[in-house]
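Participant: Dropping the structure in here first, questions after.
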Amino acid sequence: MATMIHDADVDVAAILGRKVAVMGFGSQGHAHAMNLRDSGGDVRVGVRPDSRGWRAAEAAGFTPMEPAAAAAWGDVIMMLVPDLVQPGLFKKDIEPHLTPGKMLMFAHGFAIRFNWITPPEGVDVSMVAPKAPGHRVREVFKEGAGVPGLMAIHKDATGTARAATLAYAKGIGCTRAGVIETTFSEETETDLFGEQAVLCGGVSALVTAGFETLVEAGYQPEIAYFECLHELKLIVDLMYRGGLGFMRYSVSDTAEHGDYTGGPRLVTEETKNEMRKMLAEIRSGAYAEKLARDTNSGWFAGERGKHRQHQIEQVGAKLRARMPFLEPVAAPEPEATLKA
């Protein structure tokens, strides 16, 4: 079993004595910057002037800096902008200021794994990847707990990379729950696979297909929404707390029977073969190339807009507005189409 590294195993002083420049103030960026600041870290935020991130950083009490200035200032530079933005940002604003002895950090190994970024010699390269969306990283930290995380060392030029990386993980709260050591390749490949096959692609497609099947059969869209999307959280929460076994124990016998009989009809050997193909595309780099093509061609942005207009989204928004106990939220419109 993998070794979990916890608070008692780590001295946070290895990061508190360094200047940390967090690039980006989005989902992960705001959580890392604010958690590390609350832990006593010296943090600056690098963002584009007049951007949503710049305004959010100011609202959070930071004095934001342009990326190049933040990179020049920082001893540690954490890249928390989208994967497709990282290469351009690195080349223009980060690399000129990566002098020997500095540390370049990531929360996802994508750019290093697929050689989109090649750091210069003499620079430490490491990763701390919280296993939760940024808003949960922040929320749980404020509650006095933390989310688990992964850490990896790609290059230890100074001999101090591991201590500083673990200290960073402690500073943002991950060692409160536990950190597992991995590699950039393992984190990237498993993360992309999980997103595509299960957590985002698989779940979203299954929820949407179930909703469409019920509506096409003449059932009320609101009922279909409750059965195929709303109640999913209840099931996932049970899995989260006690695994599949606890979920099956907690639901009705009829639901448990449906689990055993319905699941294998949907997730067949053909489905698993498709999963294997997806994993092979990830490992070969074919998916990374496709991501760049789809983004630059405008296909990605088109899909984002199309799915926002699906009936399940329209029905769901109206229902959630009537359930204030959910504290309903809506995704903001994107500022611009990303380019690789």
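We name chains A, B, ... following the order of the structure tokens; residues begin at 1 in each chain, and ligands are numbered from 1 as shown.
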Leaving out region 185-197 of chain A and any residue of its chain fewer than 5 positions from it, which residues lie within 10 Å of it when counting only C-alpha atoms, given as a PyMOL selection string?

Facilitator: chain A and resi 107-114+127+129+131+150-152+154+202-205+271-272+274-276+278-285+287-288

Participant: Output C-alpha atoms for every residue in the selection just made, as a PDB file, in the first residue's frame.

Facilitator:
```
ATOM      1  CA  ALA A 107      -0.435  21.010  -9.873  1.00  0.00           C
ATOM      2  CA  HIS A 108      -0.738  18.714 -12.904  1.00  0.00           C
ATOM      3  CA  GLY A 109       2.054  17.034 -14.812  1.00  0.00           C
ATOM      4  CA  PHE A 110       0.638  17.561 -18.319  1.00  0.00           C
ATOM      5  CA  ALA A 111       3.081  20.168 -19.675  1.00  0.00           C
ATOM      6  CA  ILE A 112       6.139  18.277 -18.430  1.00  0.00           C
ATOM      7  CA  ARG A 113       4.870  14.798 -19.360  1.00  0.00           C
ATOM      8  CA  PHE A 114       4.173  15.794 -22.968  1.00  0.00           C
ATOM      9  CA  MET A 127       4.402  18.957  -8.369  1.00  0.00           C
ATOM     10  CA  ALA A 129      -1.646  18.062  -6.997  1.00  0.00           C
ATOM     11  CA  LYS A 131      -7.221  15.674  -5.361  1.00  0.00           C
ATOM     12  CA  LEU A 150      -0.084  13.850  -4.791  1.00  0.00           C
ATOM     13  CA  MET A 151       3.500  15.068  -4.945  1.00  0.00           C
ATOM     14  CA  ALA A 152       6.303  14.340  -7.389  1.00  0.00           C
ATOM     15  CA  HIS A 154      10.795  15.706 -11.735  1.00  0.00           C
ATOM     16  CA  GLY A 202     -18.293   8.963 -18.330  1.00  0.00           C
ATOM     17  CA  VAL A 203     -20.568  10.449 -15.690  1.00  0.00           C
ATOM     18  CA  SER A 204     -21.742  13.406 -17.788  1.00  0.00           C
ATOM     19  CA  ALA A 205     -22.572  11.194 -20.770  1.00  0.00           C
ATOM     20  CA  THR A 271     -16.852  -0.300 -23.011  1.00  0.00           C
ATOM     21  CA  LYS A 272     -13.684  -1.457 -21.245  1.00  0.00           C
ATOM     22  CA  GLU A 274     -12.812   1.677 -25.428  1.00  0.00           C
ATOM     23  CA  MET A 275     -11.348   2.696 -22.065  1.00  0.00           C
ATOM     24  CA  ARG A 276      -8.148   0.840 -22.935  1.00  0.00           C
ATOM     25  CA  MET A 278      -8.455   6.022 -24.419  1.00  0.00           C
ATOM     26  CA  LEU A 279      -5.629   5.171 -22.034  1.00  0.00           C
ATOM     27  CA  ALA A 280      -3.368   4.209 -24.937  1.00  0.00           C
ATOM     28  CA  GLU A 281      -4.088   7.560 -26.641  1.00  0.00           C
ATOM     29  CA  ILE A 282      -3.252   9.398 -23.424  1.00  0.00           C
ATOM     30  CA  ARG A 283       0.032   7.538 -22.949  1.00  0.00           C
ATOM     31  CA  SER A 284       1.130   7.968 -26.566  1.00  0.00           C
ATOM     32  CA  GLY A 285       0.540  11.724 -26.543  1.00  0.00           C
ATOM     33  CA  TYR A 287      -4.771  12.958 -26.738  1.00  0.00           C
ATOM     34  CA  ALA A 288      -2.520  15.934 -25.918  1.00  0.00           C
TER      35      ALA A 288
END
```

Participant: Need to verify the contact set: Phe90 (chain A), 10 Å, only C-alpha atoms, exclusion of same-chain residues closer than 2 positions in sequence. Can you return it as an mmCIF file with C-alpha atoms, in the first residue's frame?

Facilitator:
```cif
data_model
loop_
_atom_site.group_PDB
_atom_site.id
_atom_site.type_symbol
_atom_site.label_atom_id
_atom_site.label_comp_id
_atom_site.auth_asym_id
_atom_site.auth_seq_id
_atom_site.Cartn_x
_atom_site.Cartn_y
_atom_site.Cartn_z
ATOM 1 C CA PRO A 67 3.304 37.299 -14.686
ATOM 2 C CA ALA A 68 6.837 38.308 -15.705
ATOM 3 C CA ALA A 71 8.323 35.267 -11.908
ATOM 4 C CA MET A 79 1.968 27.197 -12.557
ATOM 5 C CA VAL A 85 -1.925 28.382 -21.627
ATOM 6 C CA GLN A 86 1.164 27.182 -19.783
ATOM 7 C CA PRO A 87 3.608 26.816 -22.719
ATOM 8 C CA GLY A 88 3.085 30.348 -24.005
ATOM 9 C CA LYS A 92 7.256 34.605 -22.646
ATOM 10 C CA ASP A 93 7.143 35.427 -18.941
ATOM 11 C CA ILE A 94 8.584 32.604 -16.837
ATOM 12 C CA GLU A 95 11.625 31.099 -18.535
ATOM 13 C CA PRO A 96 13.605 34.382 -18.739
ATOM 14 C CA HIS A 97 13.467 34.586 -14.938
ATOM 15 C CA LEU A 98 14.148 30.918 -14.080
ATOM 16 C CA TRP A 116 5.245 21.224 -23.808
ATOM 17 C CA ILE A 117 7.594 22.860 -21.292
ATOM 18 C CA THR A 118 11.324 22.144 -20.912
ATOM 19 C CA PRO A 119 12.728 23.842 -17.797
#
```

Participant: Which polymer residues have any atom within 12 Å of an atom of Val236 (chain A), counting only C-alpha atoms, with same-chain residues fewer than 4 positions away left out, as a PyMOL selection string?

Facilitator: chain A and resi 199+203+229-232+240-244+246-248+250-251

Participant: Report the residues of region 90-337 of chain A whose backbone DSSP state falls under helix (DSSP H, G or I), written as a PyMOL selection string.

Facilitator: chain A and resi 90-97+110-113+134-142+161-171+174-177+184-199+201-216+221-230+232-250+253-266+269-284+286-297+299-308+311-321+324-326

Participant: Near Val43 (chain A), within 10 Å and counting only C-alpha atoms, which residues show up once chain neighbours fewer than 2 positions away are dropped, as a list in words?

Facilitator: Leu16, Arg18, Lys19, Val20, Ala21, Val22, His32, Ala33, Met34, Asn35, Leu36, Arg37, Asp38, Gly40, Gly41, Val45, Gly46, Phe62, Thr63, Ala70, Gly74 and Val76 of chain A

Participant: Write the residues of the preceding selection, restricted to C-alpha atoms, as a PDB file, in the first residue's frame.

Facilitator:
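Output saved as out.pdb:
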```pdb
ATOM      1  CA  LEU A  16       7.871  29.673   4.499  1.00  0.00           C
ATOM      2  CA  ARG A  18      10.874  31.328   0.240  1.00  0.00           C
ATOM      3  CA  LYS A  19       8.983  33.757  -1.997  1.00  0.00           C
ATOM      4  CA  VAL A  20       6.161  31.941  -3.802  1.00  0.00           C
ATOM      5  CA  ALA A  21       4.707  33.315  -7.036  1.00  0.00           C
ATOM      6  CA  VAL A  22       1.375  31.688  -7.890  1.00  0.00           C
ATOM      7  CA  HIS A  32      -3.169  27.668  -3.227  1.00  0.00           C
ATOM      8  CA  ALA A  33      -2.417  31.363  -2.804  1.00  0.00           C
ATOM      9  CA  MET A  34      -4.859  31.950   0.027  1.00  0.00           C
ATOM     10  CA  ASN A  35      -4.101  28.729   1.912  1.00  0.00           C
ATOM     11  CA  LEU A  36      -0.361  29.276   1.701  1.00  0.00           C
ATOM     12  CA  ARG A  37      -0.760  32.895   2.821  1.00  0.00           C
ATOM     13  CA  ASP A  38      -2.862  31.751   5.782  1.00  0.00           C
ATOM     14  CA  GLY A  40       2.412  32.170   6.887  1.00  0.00           C
ATOM     15  CA  GLY A  41       3.828  32.028   3.370  1.00  0.00           C
ATOM     16  CA  VAL A  45      -0.097  36.336  -7.548  1.00  0.00           C
ATOM     17  CA  GLY A  46       0.835  36.601 -11.219  1.00  0.00           C
ATOM     18  CA  PHE A  62      -3.445  40.475  -2.799  1.00  0.00           C
ATOM     19  CA  THR A  63      -1.604  43.074  -4.831  1.00  0.00           C
ATOM     20  CA  ALA A  70       5.918  37.790 -10.360  1.00  0.00           C
ATOM     21  CA  GLY A  74       9.590  34.546  -6.810  1.00  0.00           C
ATOM     22  CA  VAL A  76       9.208  29.319  -6.228  1.00  0.00           C
TER      23      VAL A  76
END
```

Participant: Would you mind writing down, as a VMD selection string, each residue of region 90-324 of chain A that DSSP on the backbone assigns to strand (DSSP E)?

Facilitator: chain A and resid 103 to 106 124 to 130 149 to 155 179 to 181

Participant: What separation in Å, quoted to one decimal, exists between CA of His307 (chain A) and CA of Val81 (chain A)?

Facilitator: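 Answer for the CA of His307 (chain A) to CA of Val81 (chain A) separation: 23.3 Å.
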
Participant: Write out as JSON, numbers by chain the residues lying within 10 Å of Thr160 (chain A), counting only C-alpha atoms and excluding same-chain residues fewer than 2 positions away.

Facilitator: {"A": [14, 101, 103, 124, 156, 157, 158, 162, 163, 164, 165]}

Participant: Nearest residue to Ile5 (chain A) out of A:Thr175, A:Ser39, A:Ser51, A:Asn273, using only C-alpha atoms?

Facilitator: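 With only C-alpha atoms as the atom set, the closest residue is A:Thr175.
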
Participant: Go through A:Cys200, A:Asp259, A:Ile172, A:Glu303 one by one, measure the shortest atom-to-atom distance of each to Gly245 (chain A) using only C-alpha atoms, and give the residue with the smallest value.

Facilitator: A:Asp259

Participant: Could you pull the residues within 12 Å of Leu326 (chain A), counting only C-alpha atoms, minus those fewer than 5 positions along the same chain, as a list in words?

Facilitator: His230, Lys233, Ala317, Leu319, Arg320 and Ala321 of chain A

Participant: Write the residues of the selection above to a file with N, CA and C atoms, as a PDB file, in the first residue's frame.

Facilitator:
```
ATOM      1  N   HIS A 230     -29.896  14.949 -10.029  1.00  0.00           N
ATOM      2  CA  HIS A 230     -29.978  15.454  -8.654  1.00  0.00           C
ATOM      3  C   HIS A 230     -29.589  14.388  -7.622  1.00  0.00           C
ATOM      4  N   LYS A 233     -25.672  12.910  -6.398  1.00  0.00           N
ATOM      5  CA  LYS A 233     -24.847  13.346  -5.265  1.00  0.00           C
ATOM      6  C   LYS A 233     -25.044  12.448  -4.050  1.00  0.00           C
ATOM      7  N   ALA A 317     -31.367  24.382 -13.950  1.00  0.00           N
ATOM      8  CA  ALA A 317     -31.214  25.742 -13.415  1.00  0.00           C
ATOM      9  C   ALA A 317     -32.509  26.231 -12.779  1.00  0.00           C
ATOM     10  N   LEU A 319     -34.965  24.345 -11.516  1.00  0.00           N
ATOM     11  CA  LEU A 319     -35.252  23.582 -10.304  1.00  0.00           C
ATOM     12  C   LEU A 319     -34.346  24.011  -9.154  1.00  0.00           C
ATOM     13  N   ARG A 320     -33.056  24.194  -9.446  1.00  0.00           N
ATOM     14  CA  ARG A 320     -32.119  24.588  -8.383  1.00  0.00           C
ATOM     15  C   ARG A 320     -32.458  25.962  -7.817  1.00  0.00           C
ATOM     16  N   ALA A 321     -33.015  26.832  -8.657  1.00  0.00           N
ATOM     17  CA  ALA A 321     -33.405  28.162  -8.172  1.00  0.00           C
ATOM     18  C   ALA A 321     -34.501  28.082  -7.127  1.00  0.00           C
TER      19      ALA A 321
END
```

Participant: Go through A:Pro133, A:Pro120, A:Gly26, A:Gly53 one by one, measure the shortest atom-to-atom distance of each to Leu80 (chain A) using only C-alpha atoms, and give the residue with the smallest value.

Facilitator: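 Distance minimum relative to Leu80 (chain A) lands on A:Gly26.
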
Participant: For His30 (chain A), which of A:Asp11, A:Ala72, A:Cys228, A:Arg136 is the closest residue, counting only C-alpha atoms?

Facilitator: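 Answer, going by the shortest atom-to-atom distance: A:Arg136.
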
Participant: Enter the distance from CA of Ala224 (chain A) to CA of His310 (chain A), in Å, rounded to one decimal.

Facilitator: 13.6 Å

Participant: Name all residues at most 10 Å from Val147 (chain A) (count only C-alpha atoms; drop same-chain ones fewer than 6 positions away) and give them as JSON, numbers by chain.

Facilitator: {"A": [130, 131, 132, 133, 136, 137, 138, 139, 140, 141, 172, 173, 174, 175, 176, 177, 178, 179]}

Participant: Export all heavy atoms of the chosen residues as a short mmCIF file (atom, residue, chain, number, x, y, z; two decimals), in the first residue's frame?

Facilitator:
```
data_model
loop_
_atom_site.label_atom_id
_atom_site.label_comp_id
_atom_site.auth_asym_id
_atom_site.auth_seq_id
_atom_site.Cartn_x
_atom_site.Cartn_y
_atom_site.Cartn_z
N PRO A 130 -3.48 18.66 -5.47
CA PRO A 130 -4.61 18.33 -4.59
C PRO A 130 -5.65 17.51 -5.35
O PRO A 130 -5.94 17.80 -6.52
CB PRO A 130 -5.17 19.69 -4.19
CG PRO A 130 -4.07 20.67 -4.48
CD PRO A 130 -3.33 20.11 -5.66
N LYS A 131 -6.22 16.52 -4.70
CA LYS A 131 -7.22 15.67 -5.36
C LYS A 131 -8.62 16.20 -5.06
O LYS A 131 -9.47 15.52 -4.49
CB LYS A 131 -7.07 14.21 -4.93
CG LYS A 131 -5.73 13.60 -5.23
CD LYS A 131 -5.28 13.85 -6.67
CE LYS A 131 -6.15 13.18 -7.70
NZ LYS A 131 -5.72 13.53 -9.08
N ALA A 132 -8.84 17.44 -5.48
CA ALA A 132 -10.15 18.09 -5.31
C ALA A 132 -10.14 19.36 -6.13
O ALA A 132 -9.08 19.95 -6.37
CB ALA A 132 -10.42 18.41 -3.84
N PRO A 133 -11.32 19.83 -6.55
CA PRO A 133 -11.39 21.14 -7.19
C PRO A 133 -10.92 22.22 -6.23
O PRO A 133 -10.98 22.07 -5.00
CB PRO A 133 -12.89 21.30 -7.50
CG PRO A 133 -13.45 19.91 -7.47
CD PRO A 133 -12.63 19.16 -6.48
N ARG A 136 -12.94 23.39 -3.15
CA ARG A 136 -12.94 22.47 -2.01
C ARG A 136 -11.61 22.52 -1.26
O ARG A 136 -11.59 22.40 -0.02
CB ARG A 136 -13.21 21.04 -2.48
CG ARG A 136 -14.64 20.78 -2.86
CD ARG A 136 -15.60 21.01 -1.70
NE ARG A 136 -15.43 20.06 -0.61
CZ ARG A 136 -15.81 20.27 0.65
NH1 ARG A 136 -16.35 21.43 0.99
NH2 ARG A 136 -15.65 19.34 1.57
N VAL A 137 -10.52 22.71 -1.99
CA VAL A 137 -9.22 22.86 -1.34
C VAL A 137 -9.28 24.02 -0.35
O VAL A 137 -8.78 23.93 0.77
CB VAL A 137 -8.12 23.10 -2.39
CG1 VAL A 137 -6.77 23.37 -1.71
CG2 VAL A 137 -8.00 21.89 -3.32
N ARG A 138 -9.92 25.11 -0.77
CA ARG A 138 -10.03 26.28 0.10
C ARG A 138 -11.03 26.07 1.22
O ARG A 138 -10.76 26.38 2.39
CB ARG A 138 -10.42 27.51 -0.75
CG ARG A 138 -10.58 28.81 0.04
CD ARG A 138 -9.30 29.19 0.74
NE ARG A 138 -9.45 30.44 1.51
CZ ARG A 138 -8.62 30.80 2.48
NH1 ARG A 138 -7.60 30.03 2.82
NH2 ARG A 138 -8.81 31.94 3.13
N GLU A 139 -12.21 25.56 0.89
CA GLU A 139 -13.26 25.38 1.89
C GLU A 139 -12.82 24.44 3.01
O GLU A 139 -13.00 24.75 4.20
CB GLU A 139 -14.52 24.81 1.23
CG GLU A 139 -15.26 25.80 0.34
CD GLU A 139 -16.34 25.14 -0.50
OE1 GLU A 139 -16.50 23.90 -0.42
OE2 GLU A 139 -17.03 25.86 -1.24
N VAL A 140 -12.25 23.32 2.64
CA VAL A 140 -11.84 22.33 3.65
C VAL A 140 -10.71 22.88 4.51
O VAL A 140 -10.65 22.64 5.72
CB VAL A 140 -11.44 21.01 2.96
CG1 VAL A 140 -10.87 20.02 3.97
CG2 VAL A 140 -12.64 20.39 2.26
N PHE A 141 -9.80 23.63 3.89
CA PHE A 141 -8.71 24.24 4.65
C PHE A 141 -9.25 25.17 5.72
O PHE A 141 -8.80 25.17 6.87
CB PHE A 141 -7.79 25.00 3.69
CG PHE A 141 -6.61 25.65 4.35
CD1 PHE A 141 -5.40 24.97 4.49
CD2 PHE A 141 -6.68 26.96 4.82
CE1 PHE A 141 -4.31 25.59 5.10
CE2 PHE A 141 -5.59 27.58 5.42
CZ PHE A 141 -4.40 26.88 5.56
N ILE A 172 -0.62 24.30 1.94
CA ILE A 172 -1.97 24.42 1.36
C ILE A 172 -2.95 23.42 1.98
O ILE A 172 -4.10 23.37 1.57
CB ILE A 172 -1.95 24.28 -0.17
CG1 ILE A 172 -1.53 22.88 -0.61
CG2 ILE A 172 -1.07 25.35 -0.79
CD1 ILE A 172 -1.72 22.64 -2.11
N GLY A 173 -2.47 22.63 2.96
CA GLY A 173 -3.38 21.78 3.73
C GLY A 173 -3.44 20.32 3.31
O GLY A 173 -4.15 19.53 3.94
N CYS A 174 -2.69 19.92 2.29
CA CYS A 174 -2.83 18.54 1.80
C CYS A 174 -2.32 17.49 2.78
O CYS A 174 -2.88 16.39 2.87
CB CYS A 174 -2.12 18.38 0.46
SG CYS A 174 -2.99 19.14 -0.93
N THR A 175 -1.26 17.80 3.52
CA THR A 175 -0.74 16.80 4.45
C THR A 175 -1.66 16.58 5.65
O THR A 175 -1.47 15.63 6.41
CB THR A 175 0.67 17.18 4.93
OG1 THR A 175 0.67 18.52 5.43
CG2 THR A 175 1.69 17.05 3.80
N ARG A 176 -2.64 17.45 5.83
CA ARG A 176 -3.64 17.20 6.89
C ARG A 176 -4.41 15.92 6.58
O ARG A 176 -4.80 15.18 7.48
CB ARG A 176 -4.61 18.38 6.98
CG ARG A 176 -3.99 19.69 7.44
CD ARG A 176 -5.02 20.82 7.39
NE ARG A 176 -4.47 22.10 7.81
CZ ARG A 176 -5.16 23.24 7.84
NH1 ARG A 176 -6.44 23.24 7.44
NH2 ARG A 176 -4.59 24.36 8.24
N ALA A 177 -4.67 15.68 5.29
CA ALA A 177 -5.39 14.48 4.87
C ALA A 177 -4.44 13.38 4.46
O ALA A 177 -4.74 12.19 4.62
CB ALA A 177 -6.33 14.81 3.70
N GLY A 178 -3.29 13.75 3.90
CA GLY A 178 -2.30 12.77 3.47
C GLY A 178 -1.87 13.01 2.04
O GLY A 178 -2.68 13.32 1.17
N VAL A 179 -0.57 12.85 1.80
CA VAL A 179 0.01 13.04 0.48
C VAL A 179 0.71 11.75 0.07
O VAL A 179 1.40 11.11 0.87
CB VAL A 179 1.01 14.22 0.49
CG1 VAL A 179 1.84 14.26 -0.79
CG2 VAL A 179 0.28 15.53 0.68
#
```
